[in-house]
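Engineer: Questions regarding the structure given below will be posed in turn.
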Amino acid sequence: MPQNDKRNAKRRTRAERRAEEEARLKEQAEQAERERKQQTLIGAIVVLVVVALVAVIGVTVYRNTHPSSTSTSSGTASPSSVAAAKKAMNAVKTKPSNANSTGGFLFSKNGYNKTISDAPTIALYMDPICPGCGSMHRQIDSTLEAMFKAGQVNLEFHLMTSRDASSSDNYSSRAANAAVYIVEHDDNPEHLLKYIEYIYDEDFQPDEADSYVPVSDKKLQEQAQKAGVSAAVASKAFSNTYTAWLKASDTYTSMRPELANVSGDYAGYMTTPTITINGTYLDLVKVGKYNMSIKEALLTSIGLKESQVGKSGVMPSIGSGKPKAIDTGK
């Protein structure tokens, strides 16, 4: 089948699935509304909130897809505390030198680990195959890039690999490994930003589980080179150099209490995607409840109008302070 036909078929399939999902969500919402009129239980309200969140972005529960017992998949004992998990992450023999103390990659237009003092820091936690992560990135990547280039924000990316089992060839680990390798061997953070954007492109990001179609290292390498990474670096980015560190980072990240959902059915659990602004958790359940897009919520939180995005010298009003409330903008 010609490539264009394959893409069109994939779009149709996804469009059909989206239509079915929208119909299912509509029916659920209508049923929830009927039940709400018959009772005043708080649980009925929670259902509506969760349905709204799923309708906006989709969500992946991290601890439902990652071992949460006292043993890891390799049979070794898993850390029993956040501090122990962090120590285990830092004890991995081969780890990226550019990673910060929480396992993230912090950058601005000035480079890795170089921040703009009066700019807010937006941290994103993502898994390459996570459908909610893909939806989030497709909403905000162009905005992030414009703010990055204008020096309006610092960014911090956390690559997670919890959904390896959702592919037949450890796609999450391979794509995340490449991202880490790019950070370590390409000093232009814009290339990382574009690589992430390209692997979440709707025509590229694979489906999960039974719908997964294998993505070769060569295809991922093409996305890296398209992002500006040299062929020399891209060709070596898929040796799984940082797998052990990524898995240790997954464990530590999933245990951090400040990243756990604060409301909704998944309260107390870390999910992907996750966003923090200057270290403060952005409640995506509320984003869904207020029928906002993630971009709208993000710009409101940092105090920047859409018309100001990408304008050098125009800074988000919160600086390095506390984010604004998404419902009031205060």
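Naming works like this for the structure tokens: A, B, ... for the chains as they're shown, residue 1 at the start of each chain, ligands 1 onward in shown order.
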Using only C-alpha atoms, what table do you get, as CSV, when you list each residue of segment 187-226 of chain A with an atom no more than 12 Å from segment 164-178 of chain A, its nearest pair of atoms, and their distance in Å rounded to one decimal, rows by chain then rising number?

Structural biologist:
```
residue,atom,partner,partner_atom,distance
A:His191,CA,A:Ala178,CA,11.8
A:Leu192,CA,A:Ala178,CA,9.6
A:Tyr195,CA,A:Ala178,CA,9.3
A:Ile196,CA,A:Ala175,CA,9.2
A:Tyr198,CA,A:Ala175,CA,11.2
A:Ile199,CA,A:Ala175,CA,8.1
A:Tyr200,CA,A:Ala175,CA,10.7
A:Gln205,CA,A:Tyr171,CA,10.3
A:Pro206,CA,A:Ser167,CA,8.9
A:Asp207,CA,A:Ser167,CA,8.5
A:Glu208,CA,A:Ser166,CA,5.2
A:Ala209,CA,A:Ser166,CA,4.6
A:Asp210,CA,A:Ser166,CA,8.2
A:Ser211,CA,A:Ser167,CA,8.9
A:Tyr212,CA,A:Ser167,CA,5.9
A:Val213,CA,A:Ser167,CA,8.0
A:Pro214,CA,A:Asp169,CA,7.0
A:Val215,CA,A:Tyr171,CA,7.3
A:Ser216,CA,A:Tyr171,CA,8.8
A:Asp217,CA,A:Arg174,CA,7.7
A:Lys218,CA,A:Ala175,CA,11.2
A:Lys219,CA,A:Ala175,CA,10.3
A:Leu220,CA,A:Ala175,CA,7.0
A:Gln221,CA,A:Ala178,CA,8.3
A:Glu222,CA,A:Ala178,CA,11.6
A:Gln223,CA,A:Ala175,CA,10.3
A:Ala224,CA,A:Ala178,CA,8.3
A:Gln225,CA,A:Ala178,CA,11.5
```

Engineer: Enumerate, in order of chain and increasing residue number, the residues of segment 181-267 of chain A with an atom no farther than 8 Å from segment 150-160 of chain A, each with its shortest atom pair and distance in Å to one decimal, counting only C-alpha atoms, as a Markdown table.

Structural biologist:
```
| residue | atom | partner | partner_atom | distance |
| --- | --- | --- | --- | --- |
| A:Leu246 | CA | A:Met160 | CA | 6.8 |
| A:Lys247 | CA | A:Met160 | CA | 7.8 |
| A:Ser249 | CA | A:Met160 | CA | 7.7 |
| A:Asp250 | CA | A:Met160 | CA | 5.8 |
```

Engineer: Based on the selection just made, write all heavy atoms of those residues as a CSV table (one decimal), in the first residue's frame.

Structural biologist:
```
chain,number,residue,atom,x,y,z
A,246,LEU,N,16.8,5.0,33.4
A,246,LEU,CA,15.4,5.4,33.1
A,246,LEU,C,14.4,4.6,34.0
A,246,LEU,O,13.5,5.2,34.5
A,246,LEU,CB,15.1,5.2,31.6
A,246,LEU,CG,15.5,6.3,30.7
A,246,LEU,CD1,15.5,5.7,29.2
A,246,LEU,CD2,14.7,7.5,30.8
A,247,LYS,N,14.7,3.3,34.2
A,247,LYS,CA,13.8,2.5,35.0
A,247,LYS,C,13.9,3.0,36.5
A,247,LYS,O,12.9,3.0,37.2
A,247,LYS,CB,14.2,1.0,34.9
A,247,LYS,CG,13.9,0.5,33.5
A,247,LYS,CD,12.4,0.6,33.0
A,247,LYS,CE,12.2,0.0,31.7
A,247,LYS,NZ,10.8,0.3,31.2
A,249,SER,N,14.7,5.9,37.5
A,249,SER,CA,14.0,7.2,37.5
A,249,SER,C,12.5,7.1,37.5
A,249,SER,O,11.8,7.8,38.2
A,249,SER,CB,14.5,8.1,36.3
A,249,SER,OG,13.8,9.3,36.2
A,250,ASP,N,12.0,6.1,36.7
A,250,ASP,CA,10.6,5.8,36.8
A,250,ASP,C,10.1,5.5,38.2
A,250,ASP,O,9.1,6.1,38.7
A,250,ASP,CB,10.3,4.6,35.9
A,250,ASP,CG,10.2,4.9,34.4
A,250,ASP,OD1,10.2,6.0,34.0
A,250,ASP,OD2,10.1,3.9,33.7
```

Engineer: Which of these, A:Glu184, A:Ala119, A:Ile277, A:Lys86, has the shortest distance to Ser312 of chain A once you count only C-alpha atoms?

Structural biologist: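 Comparing A:Glu184, A:Ala119, A:Ile277, A:Lys86 against Ser312 of chain A, the winner is A:Ala119.
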
Engineer: Step one, run DSSP on the backbone; step two, keep only residues of segment 117-309 of chain A assigned to helix (DSSP H, G or I); then write them as a ChimeraX atom specification.

Structural biologist: /A:131-149,164-166,171-185,189-199,209-211,217-226,231-234,243-255,257-259,284-289,294-302,306-308

Engineer: Which residue gives the smallest distance to Arg138 of chain A among A:Thr276, A:Glu197, A:Lys236, A:Ser230, with only C-alpha atoms counted?

Structural biologist: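 For Arg138 of chain A, the nearest of the candidates is A:Glu197.
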
Engineer: Using DSSP on the backbone, list every residue of segment 115-308 of chain A that comes out as strand (DSSP E or B), and give them as a PyMOL selection string.

Structural biologist: chain A and resi 121-126+154-159+260-261+267+270-272+274-277+280-281

Engineer: Can you work out the spacing between atom CA of Phe105 of chain A and atom CA of Ala260 of chain A in Å, to one decimal?

Structural biologist: 20.1 Å

Engineer: When you count only C-alpha atoms, which of these residues is closest to Gly111 of chain A: A:Lys295, A:Lys149, A:His137, A:Lys95?

Structural biologist: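 Closest to Gly111 of chain A, using only C-alpha atoms: A:Lys149.
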
Engineer: Extract, using only C-alpha atoms, all DNA, RNA and protein residues at most 8 Å from Ile318 of chain A, discarding same-chain residues fewer than 6 positions from it, and format them as a list in words.

Structural biologist: Ala119, Pro120, Ile302, Gly303 and Lys324 of chain A

Engineer: Excluding Thr115 of chain A and its own-chain neighbours fewer than 5 positions away, which residues fall within 8 Å of it when counting only C-alpha atoms? Please give them as a VMD selection string.

Structural biologist: chain A and resid 106 to 108 110 154

Engineer: Could the residues in this selection be saved with N, CA, C and O atoms as a compact mmCIF listing (two decimals), in the first residue's frame?

Structural biologist:
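Listing of result-v4.txt after writing:
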```
# COMPACT_ATOMS: atom_id res chain seq x y z
N LEU A 106 16.63 20.03 32.53
CA LEU A 106 16.23 21.43 32.62
C LEU A 106 16.96 22.23 31.55
O LEU A 106 18.18 22.09 31.38
N PHE A 107 16.22 23.09 30.85
CA PHE A 107 16.86 23.87 29.80
C PHE A 107 16.07 25.14 29.49
O PHE A 107 14.88 25.26 29.81
N SER A 108 16.75 26.05 28.86
CA SER A 108 16.15 27.29 28.35
C SER A 108 16.82 27.58 27.02
O SER A 108 17.65 26.79 26.55
N ASN A 110 19.10 29.39 26.60
CA ASN A 110 20.52 29.56 26.88
C ASN A 110 21.29 28.25 26.96
O ASN A 110 22.51 28.25 27.01
N ASN A 154 11.52 28.50 31.22
CA ASN A 154 12.47 27.40 31.35
C ASN A 154 11.64 26.12 31.23
O ASN A 154 10.49 26.08 31.67
```

Engineer: Ranking A:Ala234, A:Ile275, A:Leu259, A:Ala88 by minimum distance to Ser301 of chain A and counting only C-alpha atoms, which one comes first?

Structural biologist: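 Using only C-alpha atoms, Ser301 of chain A sits closest to A:Ile275.
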
Engineer: Do you know which residues are at most 8 Å from Asp118 of chain A counting only C-alpha atoms, after dropping those on the same chain fewer than 6 positions away, and could you put them as an MDAnalysis selection string?

Structural biologist: chainID A and resid 315 319:320

Engineer: Atom CA of Glu190 of chain A to atom CA of Ser162 of chain A: how many Å, to one decimal?

Structural biologist: 25.3 Å

Engineer: Could you give me, as a PDB file with all heavy atoms, in the first residue's frame, the residues within 8 Å of segment 279-285 of chain A, counting only C-alpha atoms and dropping anything in the same chain fewer than 2 positions from it?

Structural biologist:
```
ATOM      1  N   VAL A  49     -16.409  14.602  36.632  1.00  0.00           N
ATOM      2  CA  VAL A  49     -15.108  15.263  36.528  1.00  0.00           C
ATOM      3  C   VAL A  49     -14.131  14.393  35.760  1.00  0.00           C
ATOM      4  O   VAL A  49     -13.413  14.852  34.874  1.00  0.00           O
ATOM      5  CB  VAL A  49     -14.556  15.590  37.933  1.00  0.00           C
ATOM      6  CG1 VAL A  49     -13.121  16.087  37.839  1.00  0.00           C
ATOM      7  CG2 VAL A  49     -15.425  16.635  38.612  1.00  0.00           C
ATOM      8  N   VAL A  50     -14.097  13.096  36.105  1.00  0.00           N
ATOM      9  CA  VAL A  50     -13.158  12.191  35.435  1.00  0.00           C
ATOM     10  C   VAL A  50     -13.503  12.044  33.966  1.00  0.00           C
ATOM     11  O   VAL A  50     -12.629  12.037  33.098  1.00  0.00           O
ATOM     12  CB  VAL A  50     -13.143  10.814  36.134  1.00  0.00           C
ATOM     13  CG1 VAL A  50     -12.316   9.814  35.337  1.00  0.00           C
ATOM     14  CG2 VAL A  50     -12.568  10.953  37.543  1.00  0.00           C
ATOM     15  N   ALA A  52     -14.882  14.274  32.116  1.00  0.00           N
ATOM     16  CA  ALA A  52     -14.450  15.516  31.468  1.00  0.00           C
ATOM     17  C   ALA A  52     -12.955  15.506  31.225  1.00  0.00           C
ATOM     18  O   ALA A  52     -12.481  15.905  30.161  1.00  0.00           O
ATOM     19  CB  ALA A  52     -14.829  16.716  32.342  1.00  0.00           C
ATOM     20  N   LEU A  53     -12.175  15.008  32.187  1.00  0.00           N
ATOM     21  CA  LEU A  53     -10.730  14.955  32.018  1.00  0.00           C
ATOM     22  C   LEU A  53     -10.349  14.036  30.876  1.00  0.00           C
ATOM     23  O   LEU A  53      -9.534  14.386  30.019  1.00  0.00           O
ATOM     24  CB  LEU A  53     -10.066  14.472  33.314  1.00  0.00           C
ATOM     25  CG  LEU A  53      -8.557  14.186  33.226  1.00  0.00           C
ATOM     26  CD1 LEU A  53      -7.799  15.460  32.864  1.00  0.00           C
ATOM     27  CD2 LEU A  53      -8.032  13.610  34.522  1.00  0.00           C
ATOM     28  N   THR A 121       9.307  27.955  35.361  1.00  0.00           N
ATOM     29  CA  THR A 121       9.789  26.661  34.897  1.00  0.00           C
ATOM     30  C   THR A 121       8.612  25.706  34.750  1.00  0.00           C
ATOM     31  O   THR A 121       7.908  25.425  35.724  1.00  0.00           O
ATOM     32  CB  THR A 121      10.815  26.063  35.874  1.00  0.00           C
ATOM     33  OG1 THR A 121      11.959  26.931  35.937  1.00  0.00           O
ATOM     34  CG2 THR A 121      11.259  24.684  35.419  1.00  0.00           C
ATOM     35  N   ALA A 123       7.558  21.982  33.971  1.00  0.00           N
ATOM     36  CA  ALA A 123       8.068  20.618  33.926  1.00  0.00           C
ATOM     37  C   ALA A 123       7.000  19.689  33.373  1.00  0.00           C
ATOM     38  O   ALA A 123       5.835  19.750  33.779  1.00  0.00           O
ATOM     39  CB  ALA A 123       8.501  20.162  35.315  1.00  0.00           C
ATOM     40  N   GLU A 258       4.547  14.889  45.630  1.00  0.00           N
ATOM     41  CA  GLU A 258       4.124  16.160  45.032  1.00  0.00           C
ATOM     42  C   GLU A 258       3.634  15.997  43.590  1.00  0.00           C
ATOM     43  O   GLU A 258       3.074  16.927  43.015  1.00  0.00           O
ATOM     44  CB  GLU A 258       5.261  17.174  45.082  1.00  0.00           C
ATOM     45  CG  GLU A 258       6.435  16.888  44.154  1.00  0.00           C
ATOM     46  CD  GLU A 258       7.507  16.005  44.763  1.00  0.00           C
ATOM     47  OE1 GLU A 258       7.188  15.247  45.705  1.00  0.00           O
ATOM     48  OE2 GLU A 258       8.669  16.078  44.305  1.00  0.00           O
ATOM     49  N   LEU A 259       3.829  14.795  43.012  1.00  0.00           N
ATOM     50  CA  LEU A 259       3.387  14.543  41.643  1.00  0.00           C
ATOM     51  C   LEU A 259       2.091  13.738  41.591  1.00  0.00           C
ATOM     52  O   LEU A 259       1.561  13.485  40.511  1.00  0.00           O
ATOM     53  CB  LEU A 259       4.476  13.810  40.855  1.00  0.00           C
ATOM     54  CG  LEU A 259       5.809  14.538  40.696  1.00  0.00           C
ATOM     55  CD1 LEU A 259       6.793  13.677  39.909  1.00  0.00           C
ATOM     56  CD2 LEU A 259       5.623  15.890  40.021  1.00  0.00           C
ATOM     57  N   ASN A 261      -1.846  12.810  41.845  1.00  0.00           N
ATOM     58  CA  ASN A 261      -3.102  13.516  41.598  1.00  0.00           C
ATOM     59  C   ASN A 261      -3.719  13.955  42.916  1.00  0.00           C
ATOM     60  O   ASN A 261      -3.710  13.211  43.903  1.00  0.00           O
ATOM     61  CB  ASN A 261      -4.082  12.603  40.857  1.00  0.00           C
ATOM     62  CG  ASN A 261      -3.786  12.529  39.377  1.00  0.00           C
ATOM     63  OD1 ASN A 261      -4.235  13.354  38.602  1.00  0.00           O
ATOM     64  ND2 ASN A 261      -3.007  11.532  38.979  1.00  0.00           N
ATOM     65  N   VAL A 262      -4.255  15.151  42.926  1.00  0.00           N
ATOM     66  CA  VAL A 262      -4.848  15.701  44.150  1.00  0.00           C
ATOM     67  C   VAL A 262      -6.365  15.594  44.158  1.00  0.00           C
ATOM     68  O   VAL A 262      -7.010  15.893  45.163  1.00  0.00           O
ATOM     69  CB  VAL A 262      -4.432  17.180  44.335  1.00  0.00           C
ATOM     70  CG1 VAL A 262      -2.930  17.290  44.514  1.00  0.00           C
ATOM     71  CG2 VAL A 262      -4.886  18.039  43.148  1.00  0.00           C
ATOM     72  N   SER A 263      -6.962  15.162  43.042  1.00  0.00           N
ATOM     73  CA  SER A 263      -8.417  15.014  42.974  1.00  0.00           C
ATOM     74  C   SER A 263      -8.766  13.972  41.928  1.00  0.00           C
ATOM     75  O   SER A 263      -7.902  13.478  41.203  1.00  0.00           O
ATOM     76  CB  SER A 263      -9.074  16.361  42.627  1.00  0.00           C
ATOM     77  OG  SER A 263      -8.643  16.819  41.353  1.00  0.00           O
ATOM     78  N   GLY A 264     -10.031  13.607  41.864  1.00  0.00           N
ATOM     79  CA  GLY A 264     -10.478  12.638  40.880  1.00  0.00           C
ATOM     80  C   GLY A 264     -10.257  11.198  41.333  1.00  0.00           C
ATOM     81  O   GLY A 264      -9.755  10.927  42.419  1.00  0.00           O
ATOM     82  N   THR A 274       1.887  14.571  33.346  1.00  0.00           N
ATOM     83  CA  THR A 274       1.854  15.430  34.523  1.00  0.00           C
ATOM     84  C   THR A 274       2.575  16.724  34.189  1.00  0.00           C
ATOM     85  O   THR A 274       3.581  16.716  33.474  1.00  0.00           O
ATOM     86  CB  THR A 274       2.524  14.749  35.732  1.00  0.00           C
ATOM     87  OG1 THR A 274       1.654  13.730  36.235  1.00  0.00           O
ATOM     88  CG2 THR A 274       2.807  15.736  36.855  1.00  0.00           C
ATOM     89  N   ILE A 275       2.043  17.831  34.705  1.00  0.00           N
ATOM     90  CA  ILE A 275       2.657  19.147  34.511  1.00  0.00           C
ATOM     91  C   ILE A 275       2.832  19.807  35.871  1.00  0.00           C
ATOM     92  O   ILE A 275       1.927  19.782  36.705  1.00  0.00           O
ATOM     93  CB  ILE A 275       1.771  20.066  33.633  1.00  0.00           C
ATOM     94  CG1 ILE A 275       1.524  19.444  32.259  1.00  0.00           C
ATOM     95  CG2 ILE A 275       2.414  21.447  33.481  1.00  0.00           C
ATOM     96  CD1 ILE A 275       0.546  20.246  31.403  1.00  0.00           C
ATOM     97  N   THR A 276       4.004  20.395  36.091  1.00  0.00           N
ATOM     98  CA  THR A 276       4.178  21.279  37.248  1.00  0.00           C
ATOM     99  C   THR A 276       4.693  22.624  36.744  1.00  0.00           C
ATOM    100  O   THR A 276       5.384  22.693  35.723  1.00  0.00           O
ATOM    101  CB  THR A 276       5.164  20.722  38.290  1.00  0.00           C
ATOM    102  OG1 THR A 276       6.486  20.670  37.742  1.00  0.00           O
ATOM    103  CG2 THR A 276       4.747  19.344  38.765  1.00  0.00           C
ATOM    104  N   ILE A 277       4.331  23.671  37.467  1.00  0.00           N
ATOM    105  CA  ILE A 277       4.770  25.028  37.136  1.00  0.00           C
ATOM    106  C   ILE A 277       5.438  25.609  38.370  1.00  0.00           C
ATOM    107  O   ILE A 277       4.806  25.743  39.417  1.00  0.00           O
ATOM    108  CB  ILE A 277       3.579  25.905  36.703  1.00  0.00           C
ATOM    109  CG1 ILE A 277       2.907  25.290  35.469  1.00  0.00           C
ATOM    110  CG2 ILE A 277       4.043  27.331  36.410  1.00  0.00           C
ATOM    111  CD1 ILE A 277       1.573  25.909  35.133  1.00  0.00           C
ATOM    112  N   VAL A 287      -8.718  21.130  34.992  1.00  0.00           N
ATOM    113  CA  VAL A 287      -8.687  21.601  33.608  1.00  0.00           C
ATOM    114  C   VAL A 287      -9.881  21.039  32.851  1.00  0.00           C
ATOM    115  O   VAL A 287     -10.575  21.746  32.115  1.00  0.00           O
ATOM    116  CB  VAL A 287      -7.367  21.196  32.918  1.00  0.00           C
ATOM    117  CG1 VAL A 287      -7.404  21.559  31.433  1.00  0.00           C
ATOM    118  CG2 VAL A 287      -6.175  21.889  33.590  1.00  0.00           C
ATOM    119  N   GLY A 288     -10.136  19.743  33.045  1.00  0.00           N
ATOM    120  CA  GLY A 288     -11.295  19.123  32.404  1.00  0.00           C
ATOM    121  C   GLY A 288     -12.601  19.646  32.946  1.00  0.00           C
ATOM    122  O   GLY A 288     -13.553  19.882  32.199  1.00  0.00           O
ATOM    123  N   LYS A 289     -12.660  19.851  34.253  1.00  0.00           N
ATOM    124  CA  LYS A 289     -13.890  20.327  34.895  1.00  0.00           C
ATOM    125  C   LYS A 289     -14.308  21.687  34.351  1.00  0.00           C
ATOM    126  O   LYS A 289     -15.499  21.956  34.166  1.00  0.00           O
ATOM    127  CB  LYS A 289     -13.677  20.413  36.397  1.00  0.00           C
ATOM    128  CG  LYS A 289     -14.870  20.912  37.188  1.00  0.00           C
ATOM    129  CD  LYS A 289     -14.562  20.960  38.675  1.00  0.00           C
ATOM    130  CE  LYS A 289     -15.734  21.486  39.463  1.00  0.00           C
ATOM    131  NZ  LYS A 289     -15.432  21.561  40.917  1.00  0.00           N
ATOM    132  N   ILE A 294      -5.485  22.427  27.620  1.00  0.00           N
ATOM    133  CA  ILE A 294      -4.267  22.477  28.435  1.00  0.00           C
ATOM    134  C   ILE A 294      -3.499  23.758  28.135  1.00  0.00           C
ATOM    135  O   ILE A 294      -2.916  24.371  29.036  1.00  0.00           O
ATOM    136  CB  ILE A 294      -3.390  21.240  28.193  1.00  0.00           C
ATOM    137  CG1 ILE A 294      -4.132  19.978  28.620  1.00  0.00           C
ATOM    138  CG2 ILE A 294      -2.082  21.343  28.966  1.00  0.00           C
ATOM    139  CD1 ILE A 294      -3.360  18.707  28.443  1.00  0.00           C
ATOM    140  N   LYS A 322       4.416  31.588  42.547  1.00  0.00           N
ATOM    141  CA  LYS A 322       3.308  30.640  42.548  1.00  0.00           C
ATOM    142  C   LYS A 322       2.408  30.838  41.321  1.00  0.00           C
ATOM    143  O   LYS A 322       2.075  31.973  40.975  1.00  0.00           O
ATOM    144  CB  LYS A 322       2.493  30.819  43.824  1.00  0.00           C
ATOM    145  CG  LYS A 322       1.359  29.806  43.990  1.00  0.00           C
ATOM    146  CD  LYS A 322       0.631  30.032  45.295  1.00  0.00           C
ATOM    147  CE  LYS A 322      -0.521  29.037  45.462  1.00  0.00           C
ATOM    148  NZ  LYS A 322      -1.238  29.237  46.732  1.00  0.00           N
ATOM    149  N   PRO A 323       1.989  29.746  40.672  1.00  0.00           N
ATOM    150  CA  PRO A 323       1.091  29.870  39.508  1.00  0.00           C
ATOM    151  C   PRO A 323      -0.253  30.474  39.886  1.00  0.00           C
ATOM    152  O   PRO A 323      -0.703  30.378  41.036  1.00  0.00           O
ATOM    153  CB  PRO A 323       0.920  28.416  39.050  1.00  0.00           C
ATOM    154  CG  PRO A 323       2.078  27.682  39.631  1.00  0.00           C
ATOM    155  CD  PRO A 323       2.387  28.360  40.921  1.00  0.00           C
TER     156      PRO A 323
END
```
